[in-house]
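**Student:** Would you mind keeping the following structure in view while I ask a few things?
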Amino acid sequence: MKIGLVLFRKEILELIRNYKVIWIPAVFILFGLTEPLTAYYMPEILQSVGDLPEGTVISIPTPSSGEVFLSIISQFSTFGVLVIVLGFMGTVAGERKSGNAVLVLVKPVSYTSYIYSKWAAALVLVWFSYSLGMLSGYYYIHLLFDGINVGLFFKGFIVYGLWLTFILTLVIFFSSLSQSPGLTAFYTIGSTMLITFLSGYMTKTLKWSPGQLVHYIHELILQSQWDEALTETIILTMILSLIILLITPTLFKKKELS
């Protein structure tokens, strides 16, 4: 336990030295702010940049607070996931390539402590960044629109945070098995796209798939309805994340010793 805490502090310090504690939260905050501002000022933006005849009036229906919230989620699903993959794809693979992993593991450090410390530090930064981004969006939704129910916002926040946690767990898993950060990014993005595609295509068969979380968030926010399958989806996503996390140190050790 003591070694794990020491490694966790080391990982946090490494995130600070690599400026990840600055640019990763900055990206999430940027998209959290951009969506409400863009939705609110879109008519003015089109009027100023569009080459339209004089006197043209642009009338765009004002989106609801829920729609703006979901647009933030959509941006996080694209750019937020990409930031997580790019930010942590070299967590293990990069150290293996540079030889730093060998230097750490020759000491009395278990493979479990090594992997879990990296996952925990990354998880703290991801949730910190994600929280700042969502709170920024929440503030401007209330400032510019009608506002969104706190309970619905919190539920959507937690459910989507679970999806980001699942993505991060995949990143650490593939990073521990890959020979390079590039392969980690390829495997993670490919797996995420496959899960999302299959979940959208086979909605009934895979109704408990982690890829359905975003779909259920839409129902939760727009219809104020907690889908009966959402609870099972959350449980399954947590179980899958735990299983992946449990087998990662073992597979990483076999990879290192082979």
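Following the order of the structure tokens, first chain is A, next is B, and so on, with residues numbered from 1 inside each chain and ligands from 1 in the order they appear.
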What's the 12 Å shell around A:Leu213, counting only C-alpha atoms, without same-chain residues fewer than 4 positions away, as a ChimeraX atom specification?

**Tutor:** /A:73,77,155-164,166,195-196,199-200,203,206-209,217-220,226-227,229-238

**Student:** Could those residues be written to a file, using C-alpha atoms, as a compact mmCIF listing (two decimals), in the first residue's frame?

**Tutor:**
# COMPACT_ATOMS: atom_id res chain seq x y z
CA ILE A 73 -21.52 15.88 -24.15
CA SER A 77 -17.45 12.35 -26.93
CA LYS A 155 -27.12 12.27 -13.10
CA GLY A 156 -25.93 13.01 -16.63
CA PHE A 157 -22.58 14.13 -15.24
CA ILE A 158 -22.03 10.87 -13.34
CA VAL A 159 -23.22 8.60 -16.14
CA TYR A 160 -21.02 10.21 -18.78
CA GLY A 161 -18.10 10.30 -16.35
CA LEU A 162 -18.43 6.53 -16.11
CA TRP A 163 -18.06 6.30 -19.91
CA LEU A 164 -14.85 8.38 -19.75
CA PHE A 166 -14.21 3.10 -19.17
CA ILE A 195 -18.36 -0.58 -29.31
CA THR A 196 -20.25 2.59 -30.21
CA SER A 199 -24.30 -0.55 -29.64
CA GLY A 200 -26.07 1.82 -32.03
CA THR A 203 -29.78 -1.54 -29.71
CA LEU A 206 -26.59 -4.75 -26.72
CA LYS A 207 -28.90 -2.58 -24.64
CA TRP A 208 -26.57 -2.99 -21.65
CA SER A 209 -23.42 -2.14 -23.60
CA ILE A 217 -28.15 10.34 -21.27
CA HIS A 218 -30.14 11.85 -24.16
CA GLU A 219 -33.33 10.23 -22.85
CA LEU A 220 -32.48 11.31 -19.32
CA TRP A 226 -34.29 7.13 -16.32
CA ASP A 227 -34.39 4.19 -18.73
CA ALA A 229 -31.83 -0.54 -18.80
CA LEU A 230 -29.58 2.33 -17.68
CA THR A 231 -29.02 0.87 -14.22
CA GLU A 232 -27.94 -2.46 -15.69
CA THR A 233 -25.72 -0.65 -18.20
CA ILE A 234 -23.99 1.26 -15.41
CA ILE A 235 -23.42 -1.94 -13.44
CA LEU A 236 -22.08 -3.81 -16.48
CA THR A 237 -19.78 -0.92 -17.41
CA MET A 238 -18.35 -0.86 -13.89

**Student:** Nearest to A:Tyr116: which of A:Phe128, A:Trp23, A:Tyr216, A:Phe173 is it, counting only C-alpha atoms?

**Tutor:**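 Checking each candidate against A:Tyr116, we get A:Phe173 as the closest.
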
**Student:** What's the separation between atom CA of A:Thr78 and atom CA of A:Gly32, in Å to one decimal place?

**Tutor:**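 Distance between the two atoms: 12.9 Å.
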